[in-house]
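Student: Below is the file final-v9.cif, which contains mmCIF, C-alpha atoms and all ligand atoms.
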```
data_run
loop_
_atom_site.label_atom_id
_atom_site.label_comp_id
_atom_site.auth_asym_id
_atom_site.auth_seq_id
_atom_site.Cartn_x
_atom_site.Cartn_y
_atom_site.Cartn_z
CA SER T 1 60.76 -178.99 -52.15
CA ASP T 2 60.17 -182.03 -54.34
CA ILE T 3 58.80 -180.01 -57.24
CA ASN T 4 60.73 -180.59 -60.45
CA LEU T 5 61.15 -177.05 -61.74
CA GLN T 6 62.33 -178.19 -65.17
CA GLU T 7 59.13 -180.19 -65.60
CA VAL T 8 57.01 -177.25 -64.50
CA HIS T 9 58.91 -175.06 -66.96
CA ASP T 10 58.36 -177.46 -69.87
CA PHE T 11 54.68 -177.73 -68.97
CA LEU T 12 54.31 -173.95 -68.83
CA VAL T 13 55.98 -173.55 -72.24
CA ASP T 14 53.37 -175.91 -73.65
CA VAL T 15 50.55 -174.05 -71.86
CA ALA T 16 51.83 -170.71 -73.14
CA LYS T 17 51.82 -171.97 -76.72
CA GLN T 18 48.27 -173.29 -76.42
CA ALA T 19 47.19 -169.99 -74.86
CA GLY T 20 48.93 -168.20 -77.72
CA GLU T 21 46.71 -169.97 -80.23
CA VAL T 22 43.59 -168.68 -78.49
CA ILE T 23 45.02 -165.16 -78.56
CA THR T 24 46.11 -165.10 -82.20
CA ALA T 25 42.77 -166.58 -83.29
CA ALA T 26 40.82 -163.81 -81.55
CA ARG T 27 39.70 -160.66 -83.30
CA PRO T 28 39.53 -158.20 -80.41
CA SER T 29 38.58 -154.58 -80.89
CA THR T 30 38.60 -151.38 -78.91
CA THR T 31 34.79 -151.28 -78.88
CA ALA T 32 34.39 -154.86 -77.63
CA ALA T 33 36.79 -154.39 -74.73
CA GLY T 34 35.30 -154.18 -71.26
CA GLU T 35 36.46 -151.62 -68.72
CA LYS T 36 37.58 -152.60 -65.24
CA LYS T 37 38.56 -149.75 -62.93
CA ASN T 38 38.26 -147.05 -65.62
CA SER T 39 38.20 -146.50 -69.39
CA VAL T 40 41.89 -147.34 -69.82
CA ASP T 41 41.92 -150.49 -67.65
CA LEU T 42 40.74 -153.03 -70.20
CA VAL T 43 39.67 -156.65 -70.30
CA THR T 44 38.54 -158.69 -73.29
CA GLU T 45 36.84 -162.04 -73.75
CA THR T 46 40.21 -163.21 -74.97
CA ASP T 47 41.83 -162.45 -71.61
CA GLN T 48 39.09 -164.39 -69.84
CA ALA T 49 38.99 -167.34 -72.23
CA THR T 50 42.78 -167.62 -72.15
CA GLU T 51 42.87 -167.58 -68.36
CA ARG T 52 40.18 -170.30 -68.26
CA LEU T 53 42.22 -172.48 -70.61
CA ILE T 54 45.34 -171.98 -68.49
CA THR T 55 43.46 -172.74 -65.25
CA ASP T 56 42.03 -175.97 -66.71
CA LEU T 57 45.43 -177.18 -67.90
CA VAL T 58 47.07 -176.34 -64.59
CA ARG T 59 44.34 -178.03 -62.50
CA LYS T 60 44.82 -181.25 -64.50
CA SER T 61 48.60 -181.41 -64.22
CA TYR T 62 49.28 -179.62 -60.93
CA PRO T 63 46.08 -179.83 -58.89
CA HIS T 64 47.88 -178.95 -55.64
CA PHE T 65 49.23 -175.61 -56.93
CA GLU T 66 47.61 -172.41 -55.74
CA PHE T 67 46.56 -170.14 -58.57
CA MET T 68 46.59 -166.36 -58.90
CA GLY T 69 45.37 -164.96 -62.20
CA GLU T 70 44.73 -161.41 -63.33
CA GLU T 71 41.15 -162.05 -64.39
CA THR T 72 40.07 -164.05 -61.35
CA TYR T 73 41.96 -162.12 -58.66
CA LYS T 74 39.79 -160.63 -55.94
CA PRO T 75 40.93 -157.85 -53.63
CA GLY T 76 42.08 -159.50 -50.43
CA ASP T 77 43.55 -162.56 -52.19
CA LYS T 78 47.02 -163.10 -50.79
CA LEU T 79 50.11 -164.80 -52.06
CA THR T 80 51.06 -167.55 -49.61
CA ASN T 81 54.24 -169.61 -49.20
CA SER T 82 52.63 -172.53 -51.09
CA PRO T 83 53.64 -173.14 -54.69
CA THR T 84 51.53 -170.66 -56.66
CA LEU T 85 51.12 -170.22 -60.37
CA ILE T 86 50.86 -166.52 -61.08
CA VAL T 87 49.31 -165.87 -64.45
CA ASP T 88 48.65 -162.98 -66.77
CA PRO T 89 46.79 -164.49 -69.74
CA VAL T 90 47.33 -161.37 -71.84
CA ASP T 91 49.90 -158.87 -70.65
CA GLY T 92 49.38 -155.89 -72.91
CA THR T 93 45.60 -155.95 -73.28
CA THR T 94 45.58 -152.40 -74.64
CA ASN T 95 47.98 -153.43 -77.39
CA LEU T 96 45.80 -156.46 -78.14
CA VAL T 97 42.58 -154.48 -78.59
CA HIS T 98 44.43 -152.17 -80.98
CA ARG T 99 45.87 -155.24 -82.70
CA TYR T 100 49.37 -154.04 -82.04
CA PRO T 101 51.16 -157.39 -81.82
CA TYR T 102 53.22 -156.63 -78.73
CA ILE T 103 51.66 -158.74 -75.98
CA SER T 104 52.57 -161.81 -74.01
CA VAL T 105 51.27 -164.70 -72.00
CA SER T 106 53.09 -164.50 -68.67
CA LEU T 107 53.27 -167.63 -66.52
CA GLY T 108 55.25 -167.67 -63.29
CA LEU T 109 55.66 -170.09 -60.41
CA ALA T 110 56.45 -168.70 -56.96
CA ILE T 111 57.45 -170.87 -54.03
CA ASN T 112 57.78 -169.31 -50.58
CA ARG T 113 56.78 -166.07 -52.30
CA LYS T 114 59.85 -166.12 -54.50
CA PRO T 115 59.58 -166.44 -58.30
CA VAL T 116 61.36 -169.64 -59.39
CA VAL T 117 60.05 -170.38 -62.91
CA GLY T 118 59.07 -167.88 -65.57
CA VAL T 119 57.69 -168.33 -69.09
CA ILE T 120 56.77 -165.33 -71.23
CA TYR T 121 55.54 -165.90 -74.76
CA ASN T 122 54.51 -163.50 -77.51
CA PRO T 123 52.44 -165.65 -79.89
CA PHE T 124 52.50 -163.09 -82.70
CA ASN T 125 56.24 -163.16 -83.29
CA LYS T 126 56.74 -166.53 -81.60
CA THR T 127 59.16 -165.14 -79.07
CA LEU T 128 59.66 -167.22 -75.95
CA PHE T 129 61.61 -166.06 -72.90
CA SER T 130 61.98 -168.44 -70.00
CA GLY T 131 64.01 -168.97 -66.88
CA ILE T 132 64.42 -171.36 -63.98
CA LYS T 133 65.94 -170.32 -60.66
CA GLY T 134 69.58 -171.41 -60.65
CA LYS T 135 69.54 -172.59 -64.27
CA GLY T 136 69.67 -169.42 -66.33
CA SER T 137 67.23 -167.80 -68.70
CA PHE T 138 66.89 -168.21 -72.43
CA LEU T 139 65.33 -166.82 -75.60
CA SER T 140 63.89 -168.80 -78.48
CA ASP T 141 62.42 -167.00 -81.48
CA PRO T 142 62.75 -167.23 -85.28
CA PHE T 143 66.34 -165.92 -84.95
CA HIS T 144 67.49 -167.55 -81.70
CA ASP T 145 67.36 -171.19 -80.67
CA HIS T 146 67.43 -171.33 -76.88
CA VAL T 147 70.10 -168.65 -76.53
CA ARG T 148 71.17 -167.71 -73.02
CA LEU T 149 70.41 -164.22 -71.74
CA PRO T 150 71.73 -161.60 -71.79
CA LEU T 151 72.21 -161.70 -75.55
CA LYS T 152 75.35 -159.58 -75.61
CA GLU T 153 78.34 -158.93 -73.39
CA PRO T 154 76.99 -156.22 -71.09
CA GLU T 155 78.66 -152.81 -71.11
CA PRO T 156 78.98 -150.90 -67.83
CA LEU T 157 75.69 -149.22 -66.91
CA THR T 158 75.65 -145.44 -67.27
CA LEU T 159 72.53 -143.34 -67.14
CA ASP T 160 73.53 -141.04 -69.99
CA LYS T 161 73.62 -144.02 -72.36
CA ALA T 162 70.55 -145.74 -71.01
CA LEU T 163 67.36 -146.81 -72.75
CA VAL T 164 64.72 -146.98 -70.03
CA ALA T 165 61.24 -148.50 -70.23
CA VAL T 166 58.54 -146.79 -68.22
CA GLU T 167 54.77 -147.19 -68.31
CA TRP T 168 51.96 -144.70 -67.86
CA GLY T 169 49.70 -147.25 -66.15
CA SER T 170 45.94 -146.90 -65.95
CA ASP T 171 45.77 -144.16 -63.29
CA ARG T 172 45.95 -140.90 -65.20
CA ALA T 173 45.43 -138.40 -62.41
CA GLY T 174 46.53 -137.72 -58.86
CA HIS T 175 49.74 -137.64 -56.88
CA ASP T 176 51.39 -140.73 -58.31
CA TYR T 177 50.56 -139.73 -61.86
CA ASP T 178 52.29 -136.38 -61.26
CA VAL T 179 55.35 -138.13 -59.82
CA LYS T 180 55.54 -140.36 -62.88
CA VAL T 181 55.15 -137.57 -65.42
CA LYS T 182 57.76 -135.42 -63.65
CA THR T 183 60.11 -138.39 -63.54
CA PHE T 184 59.67 -139.04 -67.27
CA ARG T 185 60.34 -135.35 -67.93
CA ASN T 186 63.48 -135.43 -65.76
CA LEU T 187 64.81 -138.48 -67.54
CA CYS T 188 64.33 -137.07 -71.04
CA ALA T 189 65.68 -133.61 -70.24
CA SER T 190 68.90 -132.14 -71.59
CA ALA T 191 71.91 -132.50 -69.34
CA GLU T 192 73.87 -129.39 -68.34
CA GLU T 193 77.01 -130.70 -69.98
CA GLY T 194 75.14 -131.31 -73.25
CA GLY T 195 73.43 -134.50 -74.42
CA ALA T 196 70.57 -135.70 -72.28
CA ILE T 197 70.05 -137.49 -68.98
CA VAL T 198 69.18 -140.76 -70.77
CA HIS T 199 69.23 -141.89 -74.40
CA GLY T 200 65.48 -142.39 -74.34
CA ILE T 201 62.43 -143.69 -72.59
CA ARG T 202 59.98 -146.21 -74.06
CA SER T 203 56.47 -147.32 -73.14
CA PHE T 204 55.81 -150.59 -74.94
CA GLY T 205 52.71 -151.61 -72.97
CA SER T 206 53.69 -155.01 -71.59
CA ALA T 207 55.35 -155.17 -68.20
CA ALA T 208 56.38 -158.79 -68.78
CA LEU T 209 58.06 -158.05 -72.11
CA ASN T 210 59.73 -154.98 -70.62
CA LEU T 211 61.33 -157.23 -68.00
CA CYS T 212 62.46 -159.60 -70.76
CA GLY T 213 63.93 -156.65 -72.67
CA VAL T 214 66.01 -155.78 -69.60
CA ALA T 215 67.00 -159.44 -69.17
CA ALA T 216 68.11 -159.62 -72.80
CA GLY T 217 70.08 -156.37 -72.41
CA HIS T 218 68.12 -154.43 -75.04
CA LEU T 219 66.85 -152.14 -72.30
CA ASP T 220 69.03 -150.90 -69.44
CA ALA T 221 66.17 -150.49 -67.00
CA TYR T 222 62.42 -150.59 -66.53
CA TRP T 223 60.61 -148.58 -63.90
CA GLU T 224 56.93 -148.78 -63.03
CA ALA T 225 54.68 -148.17 -60.08
CA GLY T 226 51.41 -150.06 -60.01
CA CYS T 227 52.39 -153.54 -61.18
CA TRP T 228 50.54 -156.57 -59.93
CA ALA T 229 52.07 -159.96 -59.16
CA TRP T 230 51.08 -161.40 -62.55
CA ASP T 231 52.81 -158.55 -64.36
CA VAL T 232 56.19 -159.29 -62.79
CA CYS T 233 56.43 -162.85 -61.40
CA ALA T 234 57.66 -164.62 -64.53
CA GLY T 235 59.83 -161.73 -65.69
CA TRP T 236 61.47 -161.45 -62.29
CA VAL T 237 63.11 -164.88 -62.44
CA ILE T 238 64.02 -164.41 -66.12
CA LEU T 239 65.71 -161.12 -65.26
CA GLU T 240 67.56 -162.41 -62.18
CA GLU T 241 68.81 -165.45 -64.05
CA ALA T 242 70.20 -163.06 -66.67
CA GLY T 243 72.20 -161.22 -64.01
CA GLY T 244 69.78 -158.35 -63.63
CA GLN T 245 68.00 -157.29 -60.49
CA ILE T 246 64.73 -155.90 -59.30
CA VAL T 247 64.90 -153.26 -56.62
CA ASP T 248 62.26 -151.49 -54.59
CA ALA T 249 60.00 -154.49 -54.30
CA ASN T 250 59.96 -156.04 -50.86
CA LYS T 251 62.96 -158.29 -51.39
CA GLY T 252 62.71 -161.82 -50.07
CA ASN T 253 59.35 -161.09 -48.50
CA TRP T 254 57.31 -160.31 -51.55
CA GLN T 255 53.70 -159.47 -50.79
CA PRO T 256 52.53 -158.16 -54.11
CA GLU T 257 49.06 -157.37 -52.80
CA VAL T 258 50.27 -154.99 -50.10
CA ASP T 259 53.71 -153.88 -51.28
CA GLY T 260 54.02 -150.52 -52.92
CA ARG T 261 53.81 -152.36 -56.25
CA ARG T 262 56.85 -150.38 -57.42
CA TYR T 263 59.47 -152.15 -59.45
CA LEU T 264 62.77 -150.98 -60.85
CA ALA T 265 64.45 -153.58 -63.04
CA VAL T 266 68.09 -153.16 -64.03
CA ARG T 267 70.07 -155.27 -66.47
CA LYS T 268 73.30 -157.14 -65.83
CA GLY T 269 76.40 -154.98 -66.00
CA GLU T 270 79.13 -153.24 -64.05
CA ARG T 271 78.04 -150.18 -62.07
CA GLN T 272 74.63 -151.71 -61.36
CA ASN T 273 74.29 -150.12 -57.92
CA ALA T 274 75.75 -146.77 -58.99
CA PHE T 275 73.35 -146.74 -61.93
CA ILE T 276 70.39 -147.46 -59.65
CA GLU T 277 71.41 -144.48 -57.48
CA GLU T 278 71.73 -142.24 -60.56
CA LEU T 279 68.32 -143.28 -61.85
CA TRP T 280 66.74 -143.02 -58.42
CA GLY T 281 68.00 -139.44 -58.23
CA HIS T 282 65.58 -138.51 -61.02
CA VAL T 283 62.46 -140.06 -59.49
CA ALA T 284 60.44 -136.97 -58.63
CA GLY T 285 58.92 -137.87 -55.26
CA ASP T 286 57.49 -140.61 -53.10
CA LEU T 287 54.88 -142.80 -54.69
CA GLN T 288 51.88 -143.77 -52.62
CA VAL T 289 50.59 -146.55 -54.83
CA GLY T 290 49.25 -149.44 -52.79
CA ILE T 291 46.55 -151.98 -53.09
CA GLU T 292 43.95 -149.38 -53.98
CA GLY T 293 46.23 -147.79 -56.58
C1 LIG A 1 49.47 -154.06 -67.97
C2 LIG A 1 50.63 -153.88 -68.91
C3 LIG A 1 51.10 -152.44 -68.88
C4 LIG A 1 51.47 -152.00 -67.49
C5 LIG A 1 50.37 -152.28 -66.48
C6 LIG A 1 49.91 -153.72 -66.58
P1 LIG A 1 47.64 -155.91 -68.64
O1 LIG A 1 49.04 -155.42 -67.97
O2 LIG A 1 51.69 -154.71 -68.54
O3 LIG A 1 52.25 -152.29 -69.67
O4 LIG A 1 51.72 -150.63 -67.51
O5 LIG A 1 50.88 -152.04 -65.18
O6 LIG A 1 48.84 -153.92 -65.68
O7 LIG A 1 46.54 -155.18 -67.91
O8 LIG A 1 47.68 -155.58 -70.07
O9 LIG A 1 47.62 -157.36 -68.34
#
```
Represent the supplied structure as structure tokens.
Ligand code: IPD

Tutor:
Amino acid sequence: SDINLQEVHDFLVDVAKQAGEVITAARPSTTAAGEKKNSVDLVTETDQATERLITDLVRKSYPHFEFMGEETYKPGDKLTNSPTLIVDPVDGTTNLVHRYPYISVSLGLAINRKPVVGVIYNPFNKTLFSGIKGKGSFLSDPFHDHVRLPLKEPEPLTLDKALVAVEWGSDRAGHDYDVKVKTFRNLCASAEEGGAIVHGIRSFGSAALNLCGVAAGHLDAYWEAGCWAWDVCAGWVILEEAGGQIVDANKGNWQPEVDGRRYLAVRKGERQNAFIEELWGHVAGDLQVGIEG
């Protein structure tokens, strides 16, 4: 295609920073948050205002791009092969309403349903992760100036030394919830030979930043069922460009609206496939999450 991915990237970095100013200026609260599907699926005026700003900027500079955003998505909307900007204005809305400064603006471009540009920005600590297909991914923050990911020489992946991000999601009952809770329990359990199955599990509350954590090599893996396209698009390219991989999504034929919406992200390192098998062995059943999930 004749789209200059570097230019799109630079534009999205600028958009993310402008969006970040809207977010840090807001004073959201738990009582002002609106509920979507249930009392733990939240939306704030900040999410909506930020998405509007992003849409306006994108329409001016890239009027021919399709757009898929968390706050304007309607069931039945489908990702097509056309260049599509996939946007989560605030990934980590629950953190935002509690004023826990662990959130991000997540801006991804997919072409032919493959993520090719990703920009993820936390405006509170001014941390910017970004990647371009074929060109690597990078971190800029107060301590790093455009440093390539992963940040350290990766050690071989072994489950018994792994730090794994998981998320509880907003469905807190039913079959899939049971599978998740049993899986979390399995992962944290003691191992027969002493120690434990993994070093620890973490639930930070931002899918996009979890993916960046795996790309950087801070986290060994991230597993979630129930992600939407805007949760993962930008992080996917950042992770792959850092030598990591996403498994269990419909590879090469991504249809986020109908796929199982299950994602297992694994960092760069030797034993990647063996590690995936080890981790998979602790997932406590088949998930049924789909578009209704
Ligand atoms: C959510 C967060 C959360 C994850 C959910 C996402 P939102 O995004 O990333 O960590 O568990 O799957 O939907 O709603 O805050 O944009």

Student: Closest to ligand LIG 1 (chain A) among T:Ala225, T:Leu187, T:Leu128, T:Val22, using all atoms listed in the file?

Tutor: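 Answer, going by the shortest atom-to-atom distance: T:Ala225.
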
Student: For ligand LIG 1 (chain A), return the neighbouring residues as a PyMOL selection string (distance at most 6 Å; only C-alpha atoms and all ligand atoms).

Tutor: chain T and resi 88+90-94+167-169+205-207+226-227+231

Student: As a PyMOL selection string, please: the residues near T:Asp178 (cut-off 12 Å, all atoms listed in the file, same-chain neighbours under 2 positions excluded).

Tutor: chain T and resi 168+171-176+180-185+283-288

Student: With C-alpha atoms retained, could you export that selection as an mmCIF file, in the coordinates of the input?

Tutor:
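part05.cif was written with the following content:
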```cif
data_model
loop_
_atom_site.group_PDB
_atom_site.id
_atom_site.type_symbol
_atom_site.label_atom_id
_atom_site.label_comp_id
_atom_site.auth_asym_id
_atom_site.auth_seq_id
_atom_site.Cartn_x
_atom_site.Cartn_y
_atom_site.Cartn_z
ATOM 1 C CA TRP T 168 51.960 -144.700 -67.860
ATOM 2 C CA ASP T 171 45.770 -144.160 -63.290
ATOM 3 C CA ARG T 172 45.950 -140.900 -65.200
ATOM 4 C CA ALA T 173 45.430 -138.400 -62.410
ATOM 5 C CA GLY T 174 46.530 -137.720 -58.860
ATOM 6 C CA HIS T 175 49.740 -137.640 -56.880
ATOM 7 C CA ASP T 176 51.390 -140.730 -58.310
ATOM 8 C CA LYS T 180 55.540 -140.360 -62.880
ATOM 9 C CA VAL T 181 55.150 -137.570 -65.420
ATOM 10 C CA LYS T 182 57.760 -135.420 -63.650
ATOM 11 C CA THR T 183 60.110 -138.390 -63.540
ATOM 12 C CA PHE T 184 59.670 -139.040 -67.270
ATOM 13 C CA ARG T 185 60.340 -135.350 -67.930
ATOM 14 C CA VAL T 283 62.460 -140.060 -59.490
ATOM 15 C CA ALA T 284 60.440 -136.970 -58.630
ATOM 16 C CA GLY T 285 58.920 -137.870 -55.260
ATOM 17 C CA ASP T 286 57.490 -140.610 -53.100
ATOM 18 C CA LEU T 287 54.880 -142.800 -54.690
ATOM 19 C CA GLN T 288 51.880 -143.770 -52.620
#
```

Student: Closest to T:Ala242 among T:Pro83, T:Pro115, T:Pro89, T:Gly131, using all atoms listed in the file?

Tutor: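 Ranking T:Pro83, T:Pro115, T:Pro89, T:Gly131 by distance to T:Ala242, first place goes to T:Gly131.
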
Student: Leaving out T:Leu139 and any residue of its chain fewer than 3 positions from it, which residues lie within 8 Å of it when counting all atoms listed in the file, given as a PyMOL selection string?

Tutor: chain T and resi 127-130+144-149

Student: May I ask which of the residues T:Gly195, T:Pro142, T:Gly118, T:Gly269 is the closest one to T:Ala221, counting only C-alpha atoms?

Tutor: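 Using only C-alpha atoms, T:Ala221 sits closest to T:Gly269.
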
Student: Restricting the calculation to all atoms listed in the file, which member of T:Lys161, T:Val179, T:Gln18, T:Gln48 is positioned closest to T:Gly200?

Tutor: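 Among T:Lys161, T:Val179, T:Gln18, T:Gln48, it is T:Lys161 that comes nearest to T:Gly200.
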
Student: For the atom pair atom CA of T:Glu277 and atom CA of T:Glu153, what is the interatomic distance in Å to one decimal place?

Tutor: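 According to the coordinates, atom CA of T:Glu277 and atom CA of T:Glu153 are separated by 22.6 Å.
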
Student: Using all atoms listed in the file, determine which residues lie at most 12 Å from T:Ala26, disregarding the query and same-chain residues fewer than 4 positions distant; provide the list as a list in words.

Tutor: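 Neighbouring residues, sequence-local ones excluded: Ala19, Gly20, Glu21, Val22, Ala32, Thr44, Glu45, Thr46, Asp47, Gln48, Ala49, Thr50, Val90, Leu96, Val97, Arg99, Pro123 and Phe124 of chain T.
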
Student: With C-alpha atoms kept, could you save the residues just selected as a PDB file, in the coordinates of the input?

Tutor:
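That gives us selection.pdb:
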```pdb
ATOM      1  CA  ALA T  19      47.190-169.990 -74.860  1.00  0.00           C
ATOM      2  CA  GLY T  20      48.930-168.200 -77.720  1.00  0.00           C
ATOM      3  CA  GLU T  21      46.710-169.970 -80.230  1.00  0.00           C
ATOM      4  CA  VAL T  22      43.590-168.680 -78.490  1.00  0.00           C
ATOM      5  CA  ALA T  32      34.390-154.860 -77.630  1.00  0.00           C
ATOM      6  CA  THR T  44      38.540-158.690 -73.290  1.00  0.00           C
ATOM      7  CA  GLU T  45      36.840-162.040 -73.750  1.00  0.00           C
ATOM      8  CA  THR T  46      40.210-163.210 -74.970  1.00  0.00           C
ATOM      9  CA  ASP T  47      41.830-162.450 -71.610  1.00  0.00           C
ATOM     10  CA  GLN T  48      39.090-164.390 -69.840  1.00  0.00           C
ATOM     11  CA  ALA T  49      38.990-167.340 -72.230  1.00  0.00           C
ATOM     12  CA  THR T  50      42.780-167.620 -72.150  1.00  0.00           C
ATOM     13  CA  VAL T  90      47.330-161.370 -71.840  1.00  0.00           C
ATOM     14  CA  LEU T  96      45.800-156.460 -78.140  1.00  0.00           C
ATOM     15  CA  VAL T  97      42.580-154.480 -78.590  1.00  0.00           C
ATOM     16  CA  ARG T  99      45.870-155.240 -82.700  1.00  0.00           C
ATOM     17  CA  PRO T 123      52.440-165.650 -79.890  1.00  0.00           C
ATOM     18  CA  PHE T 124      52.500-163.090 -82.700  1.00  0.00           C
TER      19      PHE T 124
END
```

Student: Can you pull out the residues contacting T:Asn4? Cut-off 12 Å, using all atoms listed in the file, and skip same-chain residues under 3 positions away; I want them as a list in words.

Tutor: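 Here the qualifying residues turn out to be Ser1, Glu7, Val8, His9, Asp10, Phe11, Tyr62, Pro83, Leu109, Val116, Val117, Ile132 and Lys133 of chain T.
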
Student: Within 9 Å of T:Ile120, counting all atoms listed in the file, which residues qualify if same-chain residues fewer than 4 places away don't, as a VMD selection string?

Tutor: chain T and resid 13 16 104 to 108 127 to 130 208 to 209 212 234 to 235 238

Student: Which residue is closest to T:Val266? Choose from T:Glu240, T:Asp160, T:Asp14, T:Glu71 and count all atoms listed in the file.

Tutor: T:Glu240
